[in-house]
>>> print(open('target_15.tsv').read())   # TSV, C-alpha atoms
chain	number	residue	atom	x	y	z
X	1	MET	CA	14.39	20.78	-1.91
X	2	SER	CA	12.94	21.57	1.49
X	3	LYS	CA	14.21	20.17	4.73
X	4	ILE	CA	12.52	16.95	5.83
X	5	ILE	CA	11.42	16.49	9.42
X	6	SER	CA	10.25	13.05	10.49
X	7	VAL	CA	7.43	12.60	12.99
X	8	GLY	CA	7.48	9.28	14.86
X	9	ILE	CA	4.67	7.41	16.61
X	10	SER	CA	3.25	9.48	19.46
X	11	GLU	CA	5.19	12.58	18.40
X	12	HIS	CA	4.17	15.95	17.00
X	13	LYS	CA	6.27	18.54	15.21
X	14	VAL	CA	5.53	22.15	14.34
X	15	ALA	CA	7.54	23.95	11.68
X	16	SER	CA	7.67	27.70	11.18
X	17	ASP	CA	10.06	27.50	8.21
X	18	PRO	CA	9.04	25.85	4.94
X	19	VAL	CA	9.75	22.15	5.45
X	20	VAL	CA	8.30	18.76	4.60
X	21	LEU	CA	6.89	17.07	7.66
X	22	VAL	CA	6.78	13.33	7.07
X	23	THR	CA	5.39	10.38	8.93
X	24	TYR	CA	5.71	6.81	7.73
X	25	GLY	CA	3.57	3.74	8.08
X	26	LEU	CA	0.36	4.96	9.67
X	27	GLY	CA	-1.85	1.96	10.33
X	28	SER	CA	-4.57	2.38	12.90
X	29	CYS	CA	-2.67	5.47	14.03
X	30	VAL	CA	-3.87	8.86	12.83
X	31	GLY	CA	-1.92	11.66	11.23
X	32	ILE	CA	-3.34	15.08	12.13
X	33	ALA	CA	-2.08	18.08	10.18
X	34	LEU	CA	-2.86	21.67	11.17
X	35	TYR	CA	-2.04	24.55	8.89
X	36	ASP	CA	-2.29	28.32	8.74
X	37	PRO	CA	-2.24	29.12	5.00
X	38	GLU	CA	-1.70	32.84	5.60
X	39	VAL	CA	1.69	32.51	7.33
X	40	ARG	CA	2.42	29.03	5.86
X	41	ILE	CA	3.13	27.41	9.19
X	42	GLY	CA	1.97	23.91	10.00
X	43	GLY	CA	2.20	21.00	12.37
X	44	LEU	CA	1.86	17.25	12.08
X	45	ALA	CA	1.09	14.66	14.76
X	46	HIS	CA	1.18	10.84	14.63
X	47	THR	CA	-1.15	9.63	17.36
X	48	LEU	CA	-1.53	6.09	18.65
X	49	LEU	CA	-4.55	6.04	20.95
X	50	PRO	CA	-7.80	8.02	21.23
X	51	ALA	CA	-7.56	9.00	24.92
X	52	PRO	CA	-6.04	7.73	28.15
X	53	VAL	CA	-8.11	5.01	29.79
X	54	ARG	CA	-7.81	6.77	33.13
X	55	GLU	CA	-6.20	10.04	34.12
X	56	VAL	CA	-2.68	9.31	35.30
X	57	GLN	CA	-1.49	11.79	37.90
X	58	GLY	CA	1.31	14.00	36.62
X	59	ALA	CA	1.42	12.26	33.27
X	60	GLU	CA	3.03	14.31	30.57
X	61	ARG	CA	0.65	15.27	27.78
X	62	THR	CA	2.03	13.91	24.54
X	63	ALA	CA	0.73	13.36	21.04
X	64	LYS	CA	0.45	9.65	21.86
X	65	PHE	CA	-3.18	10.46	22.59
X	66	THR	CA	-5.31	11.89	19.82
X	67	CYS	CA	-7.31	13.96	22.31
X	68	TRP	CA	-4.18	15.94	23.28
X	69	ALA	CA	-2.36	16.19	19.97
X	70	VAL	CA	-4.54	18.99	18.60
X	71	ASP	CA	-4.19	21.15	21.72
X	72	LEU	CA	-0.43	20.63	21.86
X	73	MET	CA	0.02	21.67	18.25
X	74	VAL	CA	-2.37	24.65	18.53
X	75	GLU	CA	-0.40	25.99	21.51
X	76	GLU	CA	2.85	25.83	19.56
X	77	LEU	CA	1.36	27.14	16.33
X	78	LEU	CA	-0.02	30.21	18.10
X	79	LYS	CA	3.43	30.88	19.57
X	80	CYS	CA	4.83	30.76	16.02
X	81	GLY	CA	2.41	33.47	14.93
X	82	CYS	CA	-0.56	31.51	13.60
X	83	ALA	CA	-4.07	32.86	14.16
X	84	PRO	CA	-6.53	30.34	15.63
X	85	GLU	CA	-9.31	31.39	13.23
X	86	ARG	CA	-7.12	30.71	10.19
X	87	LEU	CA	-6.14	27.16	11.16
X	88	VAL	CA	-7.42	24.29	9.04
X	89	ALA	CA	-7.00	20.56	9.60
X	90	LYS	CA	-6.42	17.48	7.50
X	91	LEU	CA	-6.61	13.88	8.68
X	92	ALA	CA	-5.19	10.61	7.38
X	93	GLY	CA	-4.87	7.08	8.68
X	94	GLY	CA	-7.12	5.27	11.11
X	95	ALA	CA	-7.10	2.09	9.04
X	96	THR	CA	-8.23	-1.34	10.13
X	97	MET	CA	-5.15	-3.44	9.46
X	98	PHE	CA	-6.51	-6.75	10.71
X	99	GLU	CA	-9.82	-8.48	10.20
X	100	PRO	CA	-12.64	-8.08	12.75
X	101	GLN	CA	-12.14	-11.31	14.73
X	102	TYR	CA	-9.04	-9.83	16.24
X	103	ARG	CA	-10.15	-6.24	16.15
X	104	SER	CA	-13.02	-6.85	18.56
X	105	ALA	CA	-10.60	-6.67	21.49
X	106	HIS	CA	-10.07	-2.98	20.72
X	107	GLY	CA	-13.41	-2.18	19.09
X	108	GLY	CA	-11.90	-0.75	15.91
X	109	ILE	CA	-9.04	1.35	17.21
X	110	GLY	CA	-8.61	3.12	13.87
X	111	GLU	CA	-12.21	4.29	13.87
X	112	ARG	CA	-11.97	5.39	17.47
X	113	ASN	CA	-8.83	7.38	16.68
X	114	ILE	CA	-10.57	9.16	13.82
X	115	ALA	CA	-13.59	9.92	16.01
X	116	ALA	CA	-11.32	11.30	18.74
X	117	ALA	CA	-9.51	13.49	16.20
X	118	ARG	CA	-12.77	14.93	14.86
X	119	GLU	CA	-13.95	15.63	18.38
X	120	ALA	CA	-10.71	17.38	19.30
X	121	LEU	CA	-10.89	19.53	16.15
X	122	GLU	CA	-14.50	20.43	16.79
X	123	ARG	CA	-13.68	21.38	20.37
X	124	SER	CA	-10.95	23.70	19.11
X	125	GLY	CA	-13.17	25.07	16.34
X	126	ILE	CA	-10.75	24.04	13.58
X	127	PRO	CA	-12.44	23.08	10.29
X	128	LEU	CA	-11.54	19.71	8.77
X	129	VAL	CA	-10.88	20.49	5.11
X	130	ALA	CA	-9.64	17.14	3.77
X	131	GLU	CA	-9.15	13.56	4.87
X	132	ASP	CA	-8.10	10.13	3.71
X	133	THR	CA	-9.08	7.75	6.46
X	134	GLY	CA	-10.23	4.19	7.07
X	135	GLY	CA	-9.61	1.30	4.72
X	136	ASP	CA	-7.35	-1.66	5.44
X	137	TYR	CA	-3.97	-0.36	4.38
X	138	GLY	CA	-1.11	1.68	5.80
X	139	ARG	CA	-0.26	5.22	4.71
X	140	SER	CA	2.76	7.51	4.63
X	141	LEU	CA	2.33	11.28	4.68
X	142	GLU	CA	4.42	14.13	3.31
X	143	PHE	CA	3.14	17.49	4.42
X	144	ASN	CA	4.75	20.39	2.60
X	145	THR	CA	4.32	23.44	4.80
X	146	SER	CA	5.10	25.89	2.01
X	147	THR	CA	2.03	24.76	0.05
X	148	GLY	CA	-0.11	23.08	2.71
X	149	ILE	CA	-0.45	20.04	0.47
X	150	ILE	CA	-0.17	16.54	1.90
X	151	MET	CA	0.87	13.64	-0.31
X	152	VAL	CA	-0.55	10.32	0.89
X	153	ARG	CA	1.26	7.19	-0.28
X	154	ALA	CA	0.02	3.65	0.24
X	155	LEU	CA	0.82	0.21	-1.08
X	156	GLN	CA	-1.36	-0.74	-4.09
X	157	GLN	CA	-3.03	2.67	-4.07
X	158	PRO	CA	-2.53	5.71	-6.28
X	159	ILE	CA	-0.83	8.67	-4.59
X	160	LYS	CA	-3.42	11.04	-3.16
X	161	GLN	CA	-3.17	14.75	-2.56
X	162	LEU	CA	-4.93	16.33	0.38
J	1	MET	CA	5.97	-4.58	37.18
J	2	LYS	CA	7.40	-1.61	35.36
J	3	PHE	CA	9.53	-2.25	32.32
J	4	ASP	CA	12.20	0.20	33.43
J	5	ALA	CA	12.60	-1.69	36.72
J	6	LEU	CA	14.00	-4.74	34.92
J	7	THR	CA	17.48	-5.84	35.89
J	8	GLU	CA	20.10	-7.59	33.78
J	9	GLU	CA	19.16	-10.85	35.50
J	10	HIS	CA	15.54	-10.47	34.44
J	11	LEU	CA	16.54	-9.79	30.86
J	12	ASP	CA	18.83	-12.84	30.83
J	13	ALA	CA	15.99	-15.02	32.04
J	14	LEU	CA	13.70	-13.67	29.34
J	15	ARG	CA	16.33	-14.29	26.68
J	16	GLU	CA	16.75	-17.83	27.86
J	17	VAL	CA	13.07	-18.77	27.93
J	18	SER	CA	12.52	-17.15	24.58
J	19	ASN	CA	15.46	-19.03	23.12
J	20	ILE	CA	13.90	-22.33	24.14
J	21	GLY	CA	10.53	-21.25	22.79
J	22	VAL	CA	11.87	-20.18	19.42
J	23	ALA	CA	14.01	-23.31	19.15
J	24	HIS	CA	10.82	-25.36	19.29
J	25	ALA	CA	9.19	-23.06	16.77
J	26	ALA	CA	12.14	-23.36	14.39
J	27	THR	CA	12.04	-27.15	14.59
J	28	ALA	CA	8.36	-27.07	13.72
J	29	LEU	CA	9.01	-24.75	10.78
J	30	SER	CA	11.90	-26.79	9.41
J	31	GLN	CA	9.75	-29.93	9.54
J	32	LEU	CA	6.99	-28.11	7.72
J	33	ILE	CA	9.14	-26.85	4.85
J	34	GLY	CA	11.77	-29.60	4.83
J	35	ARG	CA	14.68	-27.20	5.25
J	36	SER	CA	16.89	-26.55	8.22
J	37	ILE	CA	16.23	-23.32	10.04
J	38	SER	CA	18.73	-21.59	12.30
J	39	LEU	CA	18.27	-19.06	15.04
J	40	THR	CA	20.13	-16.11	16.43
J	41	VAL	CA	20.50	-15.59	20.15
J	42	PRO	CA	17.40	-13.69	21.26
J	43	LYS	CA	17.61	-10.01	22.01
J	44	VAL	CA	15.55	-8.34	24.67
J	45	LEU	CA	14.75	-4.85	23.54
J	46	LEU	CA	13.37	-2.14	25.73
J	47	THR	CA	12.43	0.58	23.32
J	48	GLU	CA	10.50	3.81	23.37
J	49	ILE	CA	7.28	3.32	21.45
J	50	CYS	CA	8.18	6.02	18.92
J	51	LYS	CA	11.40	4.16	18.05
J	52	VAL	CA	9.81	0.74	17.53
J	53	PRO	CA	9.50	0.97	13.71
J	54	GLU	CA	13.29	1.39	13.48
J	55	VAL	CA	13.75	-1.99	15.19
J	56	PHE	CA	11.91	-3.47	12.22
J	57	GLY	CA	14.14	-1.79	9.68
J	58	GLY	CA	12.20	1.41	9.01
J	59	ALA	CA	8.48	2.10	8.95
J	60	GLU	CA	8.04	1.72	5.20
J	61	LYS	CA	9.60	-1.71	4.69
J	62	LEU	CA	7.12	-4.14	3.12
J	63	VAL	CA	6.43	-7.10	5.32
J	64	VAL	CA	3.99	-9.82	6.11
J	65	GLY	CA	3.00	-9.48	9.74
J	66	ILE	CA	1.27	-12.35	11.50
J	67	TYR	CA	-0.30	-11.53	14.83
J	68	LEU	CA	-1.48	-13.78	17.57
J	69	GLN	CA	-2.48	-13.08	21.10
J	70	MET	CA	-0.93	-15.09	23.87
J	71	LEU	CA	-3.86	-16.33	25.95
J	72	GLY	CA	-4.17	-18.45	29.06
J	73	ASP	CA	-2.21	-17.86	32.26
J	74	ALA	CA	-0.24	-14.92	30.82
J	75	ARG	CA	-1.21	-12.41	28.18
J	76	GLY	CA	0.65	-10.62	25.50
J	77	ASN	CA	1.09	-10.31	21.79
J	78	ILE	CA	3.12	-12.40	19.42
J	79	LEU	CA	4.22	-10.85	16.18
J	80	ILE	CA	5.98	-12.71	13.41
J	81	VAL	CA	7.46	-10.45	10.78
J	82	LEU	CA	8.55	-11.84	7.43
J	83	PRO	CA	10.13	-9.58	4.83
J	84	ARG	CA	8.14	-9.85	1.59
J	85	ASP	CA	10.80	-11.94	-0.23
J	86	SER	CA	11.03	-14.42	2.59
J	87	ALA	CA	7.27	-14.80	2.79
J	88	LEU	CA	7.17	-15.57	-0.95
J	89	LYS	CA	10.00	-18.11	-0.66
J	90	LEU	CA	8.29	-19.76	2.24
J	91	LEU	CA	5.12	-19.96	0.18
J	92	SER	CA	6.94	-21.53	-2.73
J	93	ARG	CA	7.91	-24.35	-0.36
J	94	LEU	CA	4.32	-24.80	0.72
J	95	LEU	CA	2.20	-24.09	-2.33
J	96	PRO	CA	2.58	-24.09	-6.09
J	97	ARG	CA	2.81	-20.39	-6.87
J	98	ASP	CA	1.88	-18.86	-10.16
J	99	LYS	CA	4.69	-16.40	-10.85
J	100	SER	CA	2.42	-14.30	-13.02
J	101	GLU	CA	0.39	-13.23	-10.01
J	102	GLY	CA	0.87	-9.71	-8.80
J	103	THR	CA	2.30	-8.40	-5.59
J	104	LEU	CA	-0.76	-9.13	-3.51
J	105	LEU	CA	-1.20	-12.42	-1.72
J	106	THR	CA	-4.03	-14.76	-2.69
J	107	GLU	CA	-6.53	-16.12	-0.18
J	108	LEU	CA	-4.78	-19.47	-0.20
J	109	GLU	CA	-1.38	-17.88	0.38
J	110	ILE	CA	-2.71	-15.79	3.25
J	111	SER	CA	-4.23	-18.89	4.77
J	112	ALA	CA	-0.96	-20.82	4.41
J	113	LEU	CA	1.07	-18.06	6.05
J	114	LYS	CA	-1.41	-17.80	8.91
J	115	GLU	CA	-1.00	-21.52	9.43
J	116	VAL	CA	2.76	-21.07	9.55
J	117	GLY	CA	2.21	-18.40	12.19
J	118	ASN	CA	-0.05	-20.71	14.12
J	119	ILE	CA	2.50	-23.53	14.08
J	120	LEU	CA	5.34	-21.24	15.14
J	121	ALA	CA	3.36	-19.60	17.94
J	122	SER	CA	1.93	-22.88	19.21
J	123	ALA	CA	5.36	-24.48	19.40
J	124	TYR	CA	6.76	-21.39	21.12
J	125	LEU	CA	3.97	-21.11	23.66
J	126	ASN	CA	3.96	-24.85	24.39
J	127	ALA	CA	7.64	-24.70	25.24
J	128	LEU	CA	7.29	-21.50	27.25
J	129	GLY	CA	4.24	-22.85	29.07
J	130	ALA	CA	6.00	-26.12	29.91
J	131	LEU	CA	8.93	-24.18	31.38
J	132	MET	CA	6.58	-22.05	33.44
J	133	GLY	CA	4.28	-24.88	34.45
J	134	LYS	CA	1.42	-22.81	33.03
J	135	THR	CA	-0.95	-23.08	30.13
J	136	LEU	CA	-0.37	-20.70	27.25
J	137	ILE	CA	-2.33	-20.87	24.04
J	138	PRO	CA	-2.30	-18.76	20.89
J	139	SER	CA	-5.37	-17.02	19.50
J	140	VAL	CA	-6.45	-17.43	15.88
J	141	PRO	CA	-3.78	-15.72	13.74
J	142	VAL	CA	-4.44	-12.64	11.65
J	143	LEU	CA	-2.29	-11.31	8.86
J	144	SER	CA	-1.46	-8.05	7.20
J	145	PHE	CA	0.80	-7.37	4.23
J	146	ASP	CA	1.83	-3.74	4.30
J	147	MET	CA	4.37	-1.21	5.52
J	148	VAL	CA	5.88	-2.46	8.76
J	149	GLY	CA	4.98	0.74	10.63
J	150	ALA	CA	1.32	0.24	9.81
J	151	VAL	CA	1.46	-3.48	10.62
J	152	ILE	CA	3.01	-3.06	14.04
J	153	ASP	CA	1.26	-0.01	15.44
J	154	TYR	CA	-1.48	-2.39	16.46
J	155	ALA	CA	0.86	-4.21	18.85
J	156	LEU	CA	1.72	-0.94	20.53
J	157	ILE	CA	-1.84	0.01	21.40
J	158	GLU	CA	-2.08	-1.98	24.62
J	159	LEU	CA	1.44	-1.01	25.65
J	160	GLY	CA	0.75	2.63	24.84
J	161	GLU	CA	-2.17	2.67	27.24
J	162	ILE	CA	0.06	1.87	30.18
J	163	GLY	CA	3.37	3.48	29.31
J	164	ASP	CA	5.82	4.73	26.74
J	165	LEU	CA	8.06	1.68	26.56
J	166	ALA	CA	7.75	-1.55	24.62
J	167	LEU	CA	9.48	-4.70	25.79
J	168	MET	CA	10.19	-7.01	22.90
J	169	VAL	CA	11.91	-10.34	22.89
J	170	GLU	CA	13.25	-10.73	19.39
J	171	THR	CA	14.70	-13.81	17.75
J	172	ASP	CA	15.73	-13.89	14.12
J	173	PHE	CA	15.45	-17.14	12.21
J	174	PHE	CA	16.86	-17.94	8.82
J	175	GLY	CA	17.05	-20.83	6.41
J	176	GLU	CA	20.48	-22.30	5.74
J	177	GLU	CA	20.11	-23.29	2.09
J	178	GLU	CA	17.60	-20.69	1.13
J	179	LYS	CA	17.39	-17.11	2.26
J	180	ILE	CA	14.26	-17.27	4.33
J	181	ASN	CA	14.42	-15.04	7.34
J	182	GLY	CA	12.05	-13.57	9.79
J	183	GLN	CA	11.68	-12.14	13.23
J	184	PHE	CA	9.72	-13.57	16.11
J	185	PHE	CA	8.59	-11.08	18.74
J	186	LEU	CA	6.98	-11.62	22.08
J	187	LEU	CA	5.48	-8.47	23.58
J	188	PRO	CA	4.31	-9.32	27.09
J	189	ASP	CA	2.27	-6.80	29.05
J	190	PRO	CA	3.75	-5.78	32.43
J	191	VAL	CA	1.43	-8.05	34.41
J	192	SER	CA	2.32	-11.07	32.30
J	193	LEU	CA	5.97	-10.24	32.48
J	194	LYS	CA	5.78	-10.64	36.24
J	195	ILE	CA	3.91	-13.94	35.84
J	196	ILE	CA	6.53	-15.25	33.42
J	197	LEU	CA	9.49	-14.22	35.59
J	198	ASN	CA	7.85	-15.56	38.74
J	199	ALA	CA	7.00	-18.87	37.14
J	200	ILE	CA	10.57	-19.50	36.03
J	201	GLY	CA	11.86	-18.69	39.50
J	202	VAL	CA	13.50	-15.33	38.94
J	203	LYS	CA	13.53	-13.08	41.99
J	204	LEU	CA	11.70	-9.81	41.45
>>> encode(input="target_15.tsv", output="C-alpha cells")
Amino acid sequence: MSKIISVGISEHKVASDPVVLVTYGLGSCVGIALYDPEVRIGGLAHTLLPAPVREVQGAERTAKFTCWAVDLMVEELLKCGCAPERLVAKLAGGATMFEPQYRSAHGGIGERNIAAAREALERSGIPLVAEDTGGDYGRSLEFNTSTGIIMVRALQQPIKQL
Amino acid sequence: MKFDALTEEHLDALREVSNIGVAHAATALSQLIGRSISLTVPKVLLTEICKVPEVFGGAEKLVVGIYLQMLGDARGNILIVLPRDSALKLLSRLLPRDKSEGTLLTELEISALKEVGNILASAYLNALGALMGKTLIPSVPVLSFDMVGAVIDYALIELGEIGDLALMVETDFFGEEEKINGQFFLLPDPVSLKIILNAIGVKL
C-alpha cells in the first residue's frame, strides 16, 4: 500500500517516491497530472480558474490558476530528475455542474479550465496522452506514481482508468 | 473590503443578520413541510479556499446543493447543502416517492427541491434586505446532486478571482421530529460585504 498524498483545491503536489496522489470532488475544477514514466515521478494539480483576470502585482503564483499549474509542476519535476522531453500529461474534470441559465455568468468555467490546461501543456510542449473531461458530474482522482495510472471515480459512472 | 481586515465586531454583526435571515427561512420551511425546524447559532467562517470542502464534511460526501445568486443592491452566492438522506426525507414530505426508484432524483424531485431552495433564499433575503433597507432578490435556483467538492467549487470561482479566502456565514437547520438537516451558506463578495455592514450601521 503506497502512501497517499491529498491535493486540495488550488494546490499542486509533486512526488519523487512512489505514492498515490489523490484529489477529491473535482467539479468545474481541473485535475492536471504530469508524469515521467522513465523515472516514475509525477505531479498532480487541482486548479480552480483558467487565468487571473488581471495581473496582480507581487501575487504568488499558485496552482489556483490553470495557466500556472503546469509551469509550477514542471519546475519541481525537473528538480526531481525528470526530463522535460519525457513528460506526459493527463487531464480530468472541467465538468458543468449546473445548467446553462446559471452558467452564463461564467461562460462555462469547466470548458474554459480545460482550454487553459491544453494551452499551458502545448506551450510547454507536453503531450496530452489521456483525458476524462466535461460532462455534468464530479470526479475523484487517484494517481499512482509507480504505474502512472489514474483511477477516475464518479457518482453513477463506472470507474475509468487513464 | 478585504476579508482578513474583518474585526470581531464585524463578524458578530454578520452572525446576527444571518441569524435573523435564516430564522425567517426556517419558518417558511416548517410551514411548507408541516414540521418544526430548529436552527443553530450561525457561524462565520473565514477559510482558505483549499480548505472549504472540509467545512462541508469532506469533498466526497454526497449532497444536494442548491445555488442561488443574491441579486439587487448587494451580490453574492447562496448555497444550501442538504445531505442526501435529508433531501430524500424532505421530498417524502412534499411528494409521494416511489421507493423503487434509484439513487438519482427525478425531474419532479429536482423541481421540488429547487422550489424549497427558492423559498428558503427568498425568506432569507427578504429579512436581510429589510434589515439593511435595501432590495435583495434571489436568482432562479439551480441544483446539483453530487460529491460536495464538485458541487461547491462553483461558489469559489468568483472568490478565487479576487483572493484566497472564502467568507461563509453558515447556519445549520434541523427538523425536531425527523432527522432533516442542512446547511445554509451566504458567500458575499468583498464589495457586498461592505454594503451589508454599512447598511446595518457597523463602523468599518
>>> closest_residue(input="target_15.tsv", among="X:Arg86, X:His12, X:Lys79, X:Lys160", to="chain J", atoms="only C-alpha atoms")
X:His12
>>> atom_distance(input="target_15.tsv", atom1="CA of Ser140 (chain X)", atom2="CA of Phe173 (chain J)")
28.7 Å
>>> atom_distance(input="target_15.tsv", atom1="CA of Leu32 (chain J)", atom2="CA of Met70 (chain J)")
22.2 Å
>>> closest_atom_pairs(input="target_15.tsv", of="chain J", to="chain X", cutoff="6 Å", atoms="all atoms listed in the file", output="JSON lines")
{"residue": "J:Cys50", "atom": "CA", "partner": "X:Ile9", "partner_atom": "CA", "distance": 4.4}
{"residue": "J:Ala59", "atom": "CA", "partner": "X:Gly25", "partner_atom": "CA", "distance": 5.2}
{"residue": "J:Glu60", "atom": "CA", "partner": "X:Gly25", "partner_atom": "CA", "distance": 5.7}
{"residue": "J:Met147", "atom": "CA", "partner": "X:Gly25", "partner_atom": "CA", "distance": 5.6}
{"residue": "J:Gly149", "atom": "CA", "partner": "X:Gly25", "partner_atom": "CA", "distance": 4.2}
{"residue": "J:Ala150", "atom": "CA", "partner": "X:Gly27", "partner_atom": "CA", "distance": 3.6}
>>> write_last_selection(input="target_15.tsv", atoms="C-alpha atoms", output="short mmCIF file (atom, residue, chain, number, x, y, z; two decimals), in the frame of the given file")
data_model
loop_
_atom_site.label_atom_id
_atom_site.label_comp_id
_atom_site.auth_asym_id
_atom_site.auth_seq_id
_atom_site.Cartn_x
_atom_site.Cartn_y
_atom_site.Cartn_z
CA CYS J 50 8.18 6.02 18.92
CA ALA J 59 8.48 2.10 8.95
CA GLU J 60 8.04 1.72 5.20
CA MET J 147 4.37 -1.21 5.52
CA GLY J 149 4.98 0.74 10.63
CA ALA J 150 1.32 0.24 9.81
#
>>> closest_residue(input="target_15.tsv", among="J:Leu91, J:Met132, J:Val41, J:Leu186", to="Asn198 (chain J)", atoms="all atoms listed in the file")
J:Met132
>>> atom_distance(input="target_15.tsv", atom1="CA of Glu131 (chain X)", atom2="CA of Ile149 (chain X)")
11.7 Å
>>> residues_around(input="target_15.tsv", residues="Ala123 (chain J)", least_positions_apart="3", cutoff="9 Å", atoms="only C-alpha atoms", output="JSON, numbers by chain")
{"J": [21, 22, 23, 24, 25, 26, 27, 28, 118, 119, 120, 126, 127, 128]}
>>> residues_around(input="target_15.tsv", residues="Phe3 (chain J)", least_positions_apart="3", cutoff="7 Å", atoms="all atoms listed in the file", output="MDAnalysis selection string")
chainID J and resid 6 167 190
>>> residues_near_point(input="target_15.tsv", point="(-12.6, 27.0, 12.1)", cutoff="8 Å", atoms="only C-alpha atoms", output="list in words")
Pro84, Glu85, Arg86, Leu87, Val88, Ser124, Gly125, Ile126 and Pro127 of chain X
>>> closest_residue(input="target_15.tsv", among="J:Leu197, J:Ala130, J:Asp153, J:Ile110", to="Lys51 (chain J)", atoms="only C-alpha atoms")
J:Asp153
>>> closest_residue(input="target_15.tsv", among="X:Asn113, X:Thr47, X:Thr133, X:Thr145", to="Ser16 (chain X)", atoms="all atoms listed in the file")
X:Thr145
>>> closest_residue(input="target_15.tsv", among="J:Leu108, J:Leu125, J:Leu131, J:Ala74", to="Lys194 (chain J)", atoms="only C-alpha atoms")
J:Ala74
>>> closest_residue(input="target_15.tsv", among="X:Pro158, X:Gly134, X:Pro18, X:Gly148", to="Leu34 (chain X)", atoms="only C-alpha atoms")
X:Gly148
>>> residues_around(input="target_15.tsv", residues="Leu141 (chain X)", least_positions_apart="3", cutoff="6 Å", atoms="only C-alpha atoms", output="MDAnalysis selection string")
chainID X and resid 22:23 151:152
>>> build_atoms(input="target_15.tsv", residues="region 63-74 of chain X", atoms="N, CA and C atoms", output="PDB file, keeping the file's coordinate frame")
ATOM      1  N   ALA X  63       1.568  13.632  22.200  1.00  0.00           N
ATOM      2  CA  ALA X  63       0.730  13.360  21.040  1.00  0.00           C
ATOM      3  C   ALA X  63       0.452  11.868  20.888  1.00  0.00           C
ATOM      4  N   LYS X  64       0.828  11.060  21.893  1.00  0.00           N
ATOM      5  CA  LYS X  64       0.450   9.650  21.860  1.00  0.00           C
ATOM      6  C   LYS X  64      -1.075   9.545  21.821  1.00  0.00           C
ATOM      7  N   PHE X  65      -1.724  10.468  22.536  1.00  0.00           N
ATOM      8  CA  PHE X  65      -3.180  10.460  22.590  1.00  0.00           C
ATOM      9  C   PHE X  65      -3.775  11.501  21.656  1.00  0.00           C
ATOM     10  N   THR X  66      -4.673  11.027  20.818  1.00  0.00           N
ATOM     11  CA  THR X  66      -5.310  11.890  19.820  1.00  0.00           C
ATOM     12  C   THR X  66      -5.956  13.108  20.483  1.00  0.00           C
ATOM     13  N   CYS X  67      -6.578  12.873  21.646  1.00  0.00           N
ATOM     14  CA  CYS X  67      -7.310  13.960  22.310  1.00  0.00           C
ATOM     15  C   CYS X  67      -6.399  15.125  22.697  1.00  0.00           C
ATOM     16  N   TRP X  68      -5.100  14.871  22.869  1.00  0.00           N
ATOM     17  CA  TRP X  68      -4.180  15.940  23.280  1.00  0.00           C
ATOM     18  C   TRP X  68      -3.401  16.544  22.118  1.00  0.00           C
ATOM     19  N   ALA X  69      -3.257  15.774  21.054  1.00  0.00           N
ATOM     20  CA  ALA X  69      -2.360  16.190  19.970  1.00  0.00           C
ATOM     21  C   ALA X  69      -2.763  17.538  19.380  1.00  0.00           C
ATOM     22  N   VAL X  70      -4.073  17.743  19.204  1.00  0.00           N
ATOM     23  CA  VAL X  70      -4.540  18.990  18.600  1.00  0.00           C
ATOM     24  C   VAL X  70      -4.179  20.177  19.503  1.00  0.00           C
ATOM     25  N   ASP X  71      -4.491  20.059  20.784  1.00  0.00           N
ATOM     26  CA  ASP X  71      -4.190  21.150  21.720  1.00  0.00           C
ATOM     27  C   ASP X  71      -2.698  21.465  21.750  1.00  0.00           C
ATOM     28  N   LEU X  72      -1.882  20.425  21.801  1.00  0.00           N
ATOM     29  CA  LEU X  72      -0.430  20.630  21.860  1.00  0.00           C
ATOM     30  C   LEU X  72       0.057  21.401  20.641  1.00  0.00           C
ATOM     31  N   MET X  73      -0.430  21.000  19.467  1.00  0.00           N
ATOM     32  CA  MET X  73       0.020  21.670  18.250  1.00  0.00           C
ATOM     33  C   MET X  73      -0.513  23.100  18.179  1.00  0.00           C
ATOM     34  N   VAL X  74      -1.789  23.295  18.577  1.00  0.00           N
ATOM     35  CA  VAL X  74      -2.370  24.650  18.530  1.00  0.00           C
ATOM     36  C   VAL X  74      -1.545  25.592  19.402  1.00  0.00           C
TER      37      VAL X  74
END
